[in-house]
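Trainee: Here you go, coords_31.tsv (TSV, C-alpha atoms):
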chain	number	residue	atom	x	y	z
A	25	MET	CA	96.69	95.63	119.62
A	26	LYS	CA	94.08	98.07	118.37
A	27	LYS	CA	90.48	97.00	117.95
A	28	GLU	CA	89.30	96.71	114.36
A	29	VAL	CA	86.09	98.59	113.56
A	30	VAL	CA	84.17	98.96	110.32
A	31	ILE	CA	82.10	102.10	109.75
A	32	TYR	CA	79.67	102.66	106.89
A	33	THR	CA	78.54	106.26	106.38
A	34	ASP	CA	76.18	108.28	104.23
A	35	GLY	CA	74.80	111.78	103.99
A	36	ALA	CA	71.72	113.10	102.25
A	37	CYS	CA	70.22	116.47	101.52
A	38	ARG	CA	66.84	117.64	100.24
A	39	GLY	CA	67.91	120.56	98.14
A	40	ASN	CA	71.52	121.64	98.16
A	41	PRO	CA	71.55	123.58	100.39
A	42	GLY	CA	68.53	122.40	102.31
A	43	PRO	CA	67.61	120.13	105.19
A	44	GLY	CA	70.02	117.23	105.50
A	45	GLY	CA	70.62	113.97	107.30
A	46	TRP	CA	73.62	111.79	108.06
A	47	ALA	CA	74.02	108.21	109.25
A	48	ALA	CA	76.72	105.78	110.30
A	49	LEU	CA	76.71	102.06	110.96
A	50	LEU	CA	79.49	100.91	113.29
A	51	ILE	CA	80.52	97.26	113.35
A	52	TYR	CA	82.83	95.69	115.93
A	53	GLY	CA	82.89	91.90	115.91
A	54	SER	CA	79.29	90.76	116.17
A	55	LYS	CA	78.09	94.12	117.55
A	56	GLN	CA	76.46	96.81	115.42
A	57	LYS	CA	75.37	100.32	116.27
A	58	GLU	CA	73.39	102.74	114.11
A	59	ILE	CA	73.55	106.50	114.60
A	60	CYS	CA	72.00	109.32	112.62
A	61	GLY	CA	71.11	112.99	112.84
A	62	ARG	CA	69.96	116.01	110.87
A	63	ALA	CA	70.68	119.65	110.11
A	64	ASP	CA	68.21	122.32	108.98
A	65	ALA	CA	70.22	124.20	106.36
A	66	THR	CA	73.20	122.30	105.00
A	67	THR	CA	74.72	120.61	101.96
A	68	ASN	CA	75.14	117.00	100.95
A	69	GLN	CA	78.93	117.34	101.33
A	70	ARG	CA	78.62	118.57	104.90
A	71	MET	CA	76.36	115.63	105.72
A	72	GLU	CA	78.85	113.14	104.21
A	73	LEU	CA	81.65	114.62	106.33
A	74	THR	CA	79.47	114.76	109.43
A	75	ALA	CA	78.58	111.08	109.12
A	76	ALA	CA	82.27	110.09	109.14
A	77	ILE	CA	83.04	112.43	112.03
A	78	LYS	CA	80.14	111.19	114.16
A	79	GLY	CA	81.09	107.57	113.50
A	80	LEU	CA	84.69	108.15	114.58
A	81	GLN	CA	83.57	110.15	117.63
A	82	CYS	CA	81.73	107.07	118.92
A	83	LEU	CA	84.99	105.18	119.38
A	84	LYS	CA	86.26	105.32	122.94
A	85	GLU	CA	89.88	104.34	122.25
A	86	PRO	CA	92.29	104.37	119.30
A	87	CYS	CA	91.16	101.79	116.73
A	88	ARG	CA	91.99	100.48	113.29
A	89	VAL	CA	89.02	101.71	111.27
A	90	SER	CA	87.81	100.88	107.78
A	91	ILE	CA	85.36	103.53	106.60
A	92	TYR	CA	83.09	102.71	103.67
A	93	THR	CA	81.32	105.58	101.95
A	94	ASP	CA	79.79	106.38	98.58
A	95	SER	CA	81.19	109.92	98.76
A	96	ALA	CA	83.95	110.42	96.17
A	97	TYR	CA	84.51	113.87	97.75
A	98	LEU	CA	85.36	112.30	101.09
A	99	VAL	CA	87.45	109.38	99.81
A	100	ASN	CA	89.36	111.41	97.22
A	101	ALA	CA	90.34	114.06	99.75
A	102	PHE	CA	92.34	111.37	101.56
A	103	ILE	CA	93.32	108.97	98.77
A	104	ARG	CA	94.30	111.57	96.16
A	105	GLY	CA	96.09	113.88	98.58
A	106	TRP	CA	93.69	116.81	98.38
A	107	LEU	CA	93.89	117.37	102.13
A	108	VAL	CA	97.68	117.45	102.08
A	109	ARG	CA	97.66	120.07	99.29
A	110	TRP	CA	94.93	122.14	100.95
A	111	GLN	CA	96.89	122.29	104.20
A	112	ARG	CA	100.15	123.06	102.41
A	113	ASN	CA	98.37	125.89	100.54
A	114	GLY	CA	96.92	127.41	103.73
A	115	TRP	CA	93.50	125.82	103.18
A	116	GLN	CA	93.23	127.26	99.67
A	117	THR	CA	92.20	125.30	96.58
A	118	THR	CA	94.46	125.18	93.54
A	119	ALA	CA	92.25	127.99	92.17
A	120	GLY	CA	93.15	130.13	95.21
A	121	ARG	CA	89.72	129.96	96.87
A	122	PRO	CA	89.17	128.92	100.48
A	123	VAL	CA	88.47	125.21	100.88
A	124	GLU	CA	84.81	124.61	101.72
A	125	ASN	CA	83.86	122.82	104.95
A	126	GLN	CA	87.21	123.55	106.62
A	127	ASP	CA	85.71	123.17	110.07
A	128	LEU	CA	84.63	119.61	109.31
A	129	TRP	CA	87.82	118.69	107.45
A	130	ARG	CA	89.91	119.87	110.40
A	131	GLU	CA	87.88	117.79	112.86
A	132	LEU	CA	88.06	114.76	110.60
A	133	LEU	CA	91.83	115.12	110.32
A	134	ARG	CA	92.09	115.37	114.11
A	135	LEU	CA	90.11	112.15	114.52
A	136	CYS	CA	92.15	110.39	111.82
A	137	GLY	CA	95.26	111.32	113.78
A	138	TYR	CA	93.85	109.44	116.76
A	139	HIS	CA	92.70	106.38	114.82
A	140	ASP	CA	94.31	104.36	112.03
A	141	VAL	CA	91.78	104.97	109.24
A	142	GLN	CA	91.52	103.32	105.84
A	143	TRP	CA	89.05	104.76	103.31
A	144	HIS	CA	86.97	102.66	100.93
A	145	LYS	CA	84.70	103.89	98.13
A	146	VAL	CA	81.49	101.94	97.57
A	147	ALA	CA	79.06	102.43	94.71
A	148	GLY	CA	76.07	104.45	95.88
A	149	HIS	CA	72.60	102.96	95.56
A	150	SER	CA	74.05	99.57	94.65
A	151	ASN	CA	73.64	96.15	96.20
A	152	ASP	CA	75.65	96.97	99.32
A	153	ASP	CA	73.17	96.36	102.15
A	154	ARG	CA	75.12	98.38	104.70
A	155	ASN	CA	75.48	101.40	102.42
A	156	ASN	CA	71.79	101.13	101.57
A	157	ARG	CA	70.93	101.02	105.28
A	158	CYS	CA	72.93	104.20	105.94
A	159	ASP	CA	71.25	105.89	102.97
A	160	ALA	CA	67.81	105.00	104.37
A	161	LEU	CA	68.73	106.23	107.86
A	162	ALA	CA	70.15	109.53	106.53
A	163	ARG	CA	67.07	110.18	104.43
A	164	ARG	CA	64.75	109.33	107.33
A	165	ALA	CA	66.72	111.67	109.60
A	166	ILE	CA	65.91	114.62	107.32
A	167	ASP	CA	62.25	114.35	108.33
A	168	SER	CA	62.80	113.61	112.02
Since I need it in another form, could you write the structure as C-alpha cells?
Mentor:
Amino acid sequence: MKKEVVIYTDGACRGNPGPGGWAALLIYGSKQKEICGRADATTNQRMELTAAIKGLQCLKEPCRVSIYTDSAYLVNAFIRGWLVRWQRNGWQTTAGRPVENQDLWRELLRLCGYHDVQWHKVAGHSNDDRNNRCDALARRAIDS
C-alpha cells in the first residue's frame, strides 16, 4: 500500500519576470518538512510549477499525493485536460503557439507518472494556514 502524503505549494515573484521564490510543505503522518528556493530571473508561473516539482522530488518511493496549491494555472492544466491537449497538439496551444514552461510541465508529468497525484485548488491569501506558510516561505526565499 502506498504512503499517503500531503503537499502544499506556492510560488512568488517580484516583478513578472523578476526574482522569484518557491516553497513546499510536505506532510506525512505527524511529520512535516518545509523546503524552499529561489531563481534570479523567472516568472510566477515557473515558481508555482517548480514548487510542485520540488515537493514531489522529495518523495523516495511511489506515494499517493494530495497537492494543494492556489495556482489555477497548475490545477487547471491537470483538471481541465490542458496537458492532454497540449501533448496531443505537439506542445502547441489552441492558438498554435508553443506551450510556455514545457521543460517544467514535462518534468511534472514524469513525476505524476511515478506517483498517484490528486490536485486541489485552495484560495490564495485566505485562512488556510498551510498555504499561508508556503506563501511566506516563497516570498522570503526571493530575498535569500
Trainee: Could you tell me how far CA of Phe102 in chain A lies from CA of Asn68 in chain A, in Å and to one decimal?
Mentor: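 Computing it gives 18.1 Å between the two atoms.
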Trainee: Identify which of the residues A:Val99, A:Ile166, A:Ile59, A:Met25 lies closest to Ala47 in chain A, counting all atoms listed in the file when measuring atom-to-atom distances.
Mentor: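 Under the stated criterion, the closest residue is A:Ile59.
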Trainee: Quick one: of A:Val141, A:Ala76, A:Met71, A:Cys82, who's nearest to Asn125 in chain A, counting only C-alpha atoms?
Mentor: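 That would be A:Met71, the residue with the smallest distance to Asn125 in chain A.
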Trainee: Hey, which of A:Trp143, A:Gln81, A:Glu58, A:Arg134 ends up closest to Ala101 in chain A? Count only C-alpha atoms.
Mentor: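 Going through A:Trp143, A:Gln81, A:Glu58, A:Arg134 one by one, the smallest distance to Ala101 in chain A is for A:Trp143.
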Trainee: So, counting only C-alpha atoms, which residue among A:His139, A:Arg88, A:Arg164, A:Arg104 is closest to Gly44 in chain A?
Mentor: A:Arg164
Trainee: Can you pull out every residue within 9 Å of Leu135 in chain A, counting all atoms listed in the file, but drop anything in the same chain fewer than 5 positions away, and send it as a list in words?
Mentor: Ile77, Leu80, Gln81 and Arg130 of chain A
Trainee: Excluding Leu50 in chain A and its own-chain neighbours fewer than 6 positions away, which residues fall within 8 Å of it when counting only C-alpha atoms? Please give them as an MDAnalysis selection string.
Mentor: chainID A and resid 29:32 56:58 79
Trainee: Keeping only C-alpha atoms, write those residues as a PDB file, in the frame of the given file.
Mentor:
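After the write, again04.pdb holds the following:
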ATOM      1  CA  VAL A  29      86.090  98.590 113.560  1.00  0.00           C
ATOM      2  CA  VAL A  30      84.170  98.960 110.320  1.00  0.00           C
ATOM      3  CA  ILE A  31      82.100 102.100 109.750  1.00  0.00           C
ATOM      4  CA  TYR A  32      79.670 102.660 106.890  1.00  0.00           C
ATOM      5  CA  GLN A  56      76.460  96.810 115.420  1.00  0.00           C
ATOM      6  CA  LYS A  57      75.370 100.320 116.270  1.00  0.00           C
ATOM      7  CA  GLU A  58      73.390 102.740 114.110  1.00  0.00           C
ATOM      8  CA  GLY A  79      81.090 107.570 113.500  1.00  0.00           C
TER       9      GLY A  79
END
Trainee: List the neighbours of range 153-160 of chain A out to 8 Å using only C-alpha atoms; skip same-chain residues closer than 3 positions along the sequence, and give me the result as an mmCIF file with C-alpha atoms, keeping the file's coordinate frame.
Mentor:
data_model
loop_
_atom_site.group_PDB
_atom_site.id
_atom_site.type_symbol
_atom_site.label_atom_id
_atom_site.label_comp_id
_atom_site.auth_asym_id
_atom_site.auth_seq_id
_atom_site.Cartn_x
_atom_site.Cartn_y
_atom_site.Cartn_z
ATOM 1 C CA TYR A 32 79.670 102.660 106.890
ATOM 2 C CA THR A 33 78.540 106.260 106.380
ATOM 3 C CA ASP A 34 76.180 108.280 104.230
ATOM 4 C CA GLY A 35 74.800 111.780 103.990
ATOM 5 C CA ALA A 36 71.720 113.100 102.250
ATOM 6 C CA TRP A 46 73.620 111.790 108.060
ATOM 7 C CA ALA A 47 74.020 108.210 109.250
ATOM 8 C CA ALA A 48 76.720 105.780 110.300
ATOM 9 C CA LEU A 49 76.710 102.060 110.960
ATOM 10 C CA TYR A 92 83.090 102.710 103.670
ATOM 11 C CA THR A 93 81.320 105.580 101.950
ATOM 12 C CA ASP A 94 79.790 106.380 98.580
ATOM 13 C CA VAL A 146 81.490 101.940 97.570
ATOM 14 C CA GLY A 148 76.070 104.450 95.880
ATOM 15 C CA HIS A 149 72.600 102.960 95.560
ATOM 16 C CA SER A 150 74.050 99.570 94.650
ATOM 17 C CA ARG A 163 67.070 110.180 104.430
ATOM 18 C CA ARG A 164 64.750 109.330 107.330
#
Trainee: Mind listing whatever residues come within 8 Å of the point (89.4, 98.3, 113.7)? Use all atoms listed in the file, file coordinates, and give them as JSON, numbers by chain.
Mentor: {"A": [26, 27, 28, 29, 30, 52, 87, 88, 89, 90, 140]}
Trainee: Separation of CA of Asn40 in chain A and CA of Ala65 in chain A, in Å?
Mentor: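 Distance reported for this atom pair: 8.7 Å.
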Trainee: Considering all atoms listed in the file, can you say which of A:Cys37, A:Gln69, A:Gly61, A:Leu128 comes closest to Ala96 in chain A?
Mentor: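 Of the candidates, the smallest distance to Ala96 in chain A is held by A:Gln69.
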Trainee: Given all atoms listed in the file as the basis, pick out the residue of A:Ile51, A:Val123, A:Ala162, A:Val108 nearest to Thr74 in chain A.
Mentor: A:Ala162
Trainee: What is the CA of Gln142 in chain A-CA of Lys84 in chain A distance in Å, reported with one decimal?
Mentor: 18.0 Å
Trainee: For Gln126 in chain A, please output as an MDAnalysis selection string all residues within 12 Å (counting only C-alpha atoms; exclusion window: fewer than 2 positions along the same chain).
Mentor: chainID A and resid 69:70 73 107 110:111 114:117 121:124 128:133
Trainee: Complete range 84-116 of chain A at the level of N, CA and C atoms, written as a CSV table (one decimal), in the coordinates of the input.
Mentor:
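Output file part07.csv is given in full below:
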chain,number,residue,atom,x,y,z
A,84,LYS,N,85.8,104.9,121.6
A,84,LYS,CA,86.3,105.3,122.9
A,84,LYS,C,87.8,105.2,123.1
A,85,GLU,N,88.4,104.5,122.2
A,85,GLU,CA,89.9,104.3,122.2
A,85,GLU,C,90.4,104.3,120.8
A,86,PRO,N,91.7,104.4,120.7
A,86,PRO,CA,92.3,104.4,119.3
A,86,PRO,C,92.0,103.0,118.7
A,87,CYS,N,91.5,103.0,117.4
A,87,CYS,CA,91.2,101.8,116.7
A,87,CYS,C,91.7,101.8,115.3
A,88,ARG,N,91.8,100.6,114.7
A,88,ARG,CA,92.0,100.5,113.3
A,88,ARG,C,90.6,100.5,112.7
A,89,VAL,N,90.4,101.5,111.8
A,89,VAL,CA,89.0,101.7,111.3
A,89,VAL,C,89.0,101.6,109.7
A,90,SER,N,88.1,100.9,109.2
A,90,SER,CA,87.8,100.9,107.8
A,90,SER,C,86.5,101.6,107.6
A,91,ILE,N,86.6,102.7,106.9
A,91,ILE,CA,85.4,103.5,106.6
A,91,ILE,C,84.9,103.3,105.2
A,92,TYR,N,83.7,102.9,105.0
A,92,TYR,CA,83.1,102.7,103.7
A,92,TYR,C,82.1,103.8,103.4
A,93,THR,N,82.2,104.5,102.3
A,93,THR,CA,81.3,105.6,102.0
A,93,THR,C,81.1,105.6,100.4
A,94,ASP,N,80.0,106.2,100.0
A,94,ASP,CA,79.8,106.4,98.6
A,94,ASP,C,80.2,107.8,98.1
A,95,SER,N,80.8,108.5,99.0
A,95,SER,CA,81.2,109.9,98.8
A,95,SER,C,82.6,110.0,98.1
A,96,ALA,N,82.6,110.2,96.8
A,96,ALA,CA,84.0,110.4,96.2
A,96,ALA,C,84.7,111.6,96.8
A,97,TYR,N,83.9,112.7,97.1
A,97,TYR,CA,84.5,113.9,97.8
A,97,TYR,C,85.3,113.5,99.0
A,98,LEU,N,84.7,112.7,99.8
A,98,LEU,CA,85.4,112.3,101.1
A,98,LEU,C,86.6,111.4,100.8
A,99,VAL,N,86.4,110.3,100.1
A,99,VAL,CA,87.4,109.4,99.8
A,99,VAL,C,88.6,110.0,99.1
A,100,ASN,N,88.3,110.8,98.0
A,100,ASN,CA,89.4,111.4,97.2
A,100,ASN,C,90.2,112.4,98.0
A,101,ALA,N,89.6,113.1,98.9
A,101,ALA,CA,90.3,114.1,99.8
A,101,ALA,C,91.5,113.4,100.5
A,102,PHE,N,91.3,112.1,100.9
A,102,PHE,CA,92.3,111.4,101.6
A,102,PHE,C,93.2,110.6,100.6
A,103,ILE,N,92.6,109.9,99.7
A,103,ILE,CA,93.3,109.0,98.8
A,103,ILE,C,94.2,109.7,97.7
A,104,ARG,N,93.6,110.8,97.2
A,104,ARG,CA,94.3,111.6,96.2
A,104,ARG,C,95.1,112.7,96.7
A,105,GLY,N,95.2,112.9,98.0
A,105,GLY,CA,96.1,113.9,98.6
A,105,GLY,C,95.6,115.3,98.6
A,106,TRP,N,94.3,115.5,98.4
A,106,TRP,CA,93.7,116.8,98.4
A,106,TRP,C,93.9,117.5,99.7
A,107,LEU,N,93.7,116.8,100.8
A,107,LEU,CA,93.9,117.4,102.1
A,107,LEU,C,95.3,117.8,102.4
A,108,VAL,N,96.3,117.1,101.9
A,108,VAL,CA,97.7,117.4,102.1
A,108,VAL,C,97.9,118.7,101.3
A,109,ARG,N,97.5,118.8,100.1
A,109,ARG,CA,97.7,120.1,99.3
A,109,ARG,C,96.9,121.3,99.9
A,110,TRP,N,95.7,121.0,100.3
A,110,TRP,CA,94.9,122.1,101.0
A,110,TRP,C,95.7,122.7,102.2
A,111,GLN,N,96.2,121.8,103.0
A,111,GLN,CA,96.9,122.3,104.2
A,111,GLN,C,98.2,123.0,103.8
A,112,ARG,N,98.9,122.4,102.9
A,112,ARG,CA,100.2,123.1,102.4
A,112,ARG,C,99.9,124.4,101.8
A,113,ASN,N,98.7,124.6,101.2
A,113,ASN,CA,98.4,125.9,100.5
A,113,ASN,C,97.6,126.8,101.5
A,114,GLY,N,97.6,126.6,102.8
A,114,GLY,CA,96.9,127.4,103.7
A,114,GLY,C,95.4,127.3,103.6
A,115,TRP,N,94.9,126.1,103.3
A,115,TRP,CA,93.5,125.8,103.2
A,115,TRP,C,92.9,126.6,102.0
A,116,GLN,N,93.7,126.7,100.9
A,116,GLN,CA,93.2,127.3,99.7
A,116,GLN,C,93.2,126.1,98.6
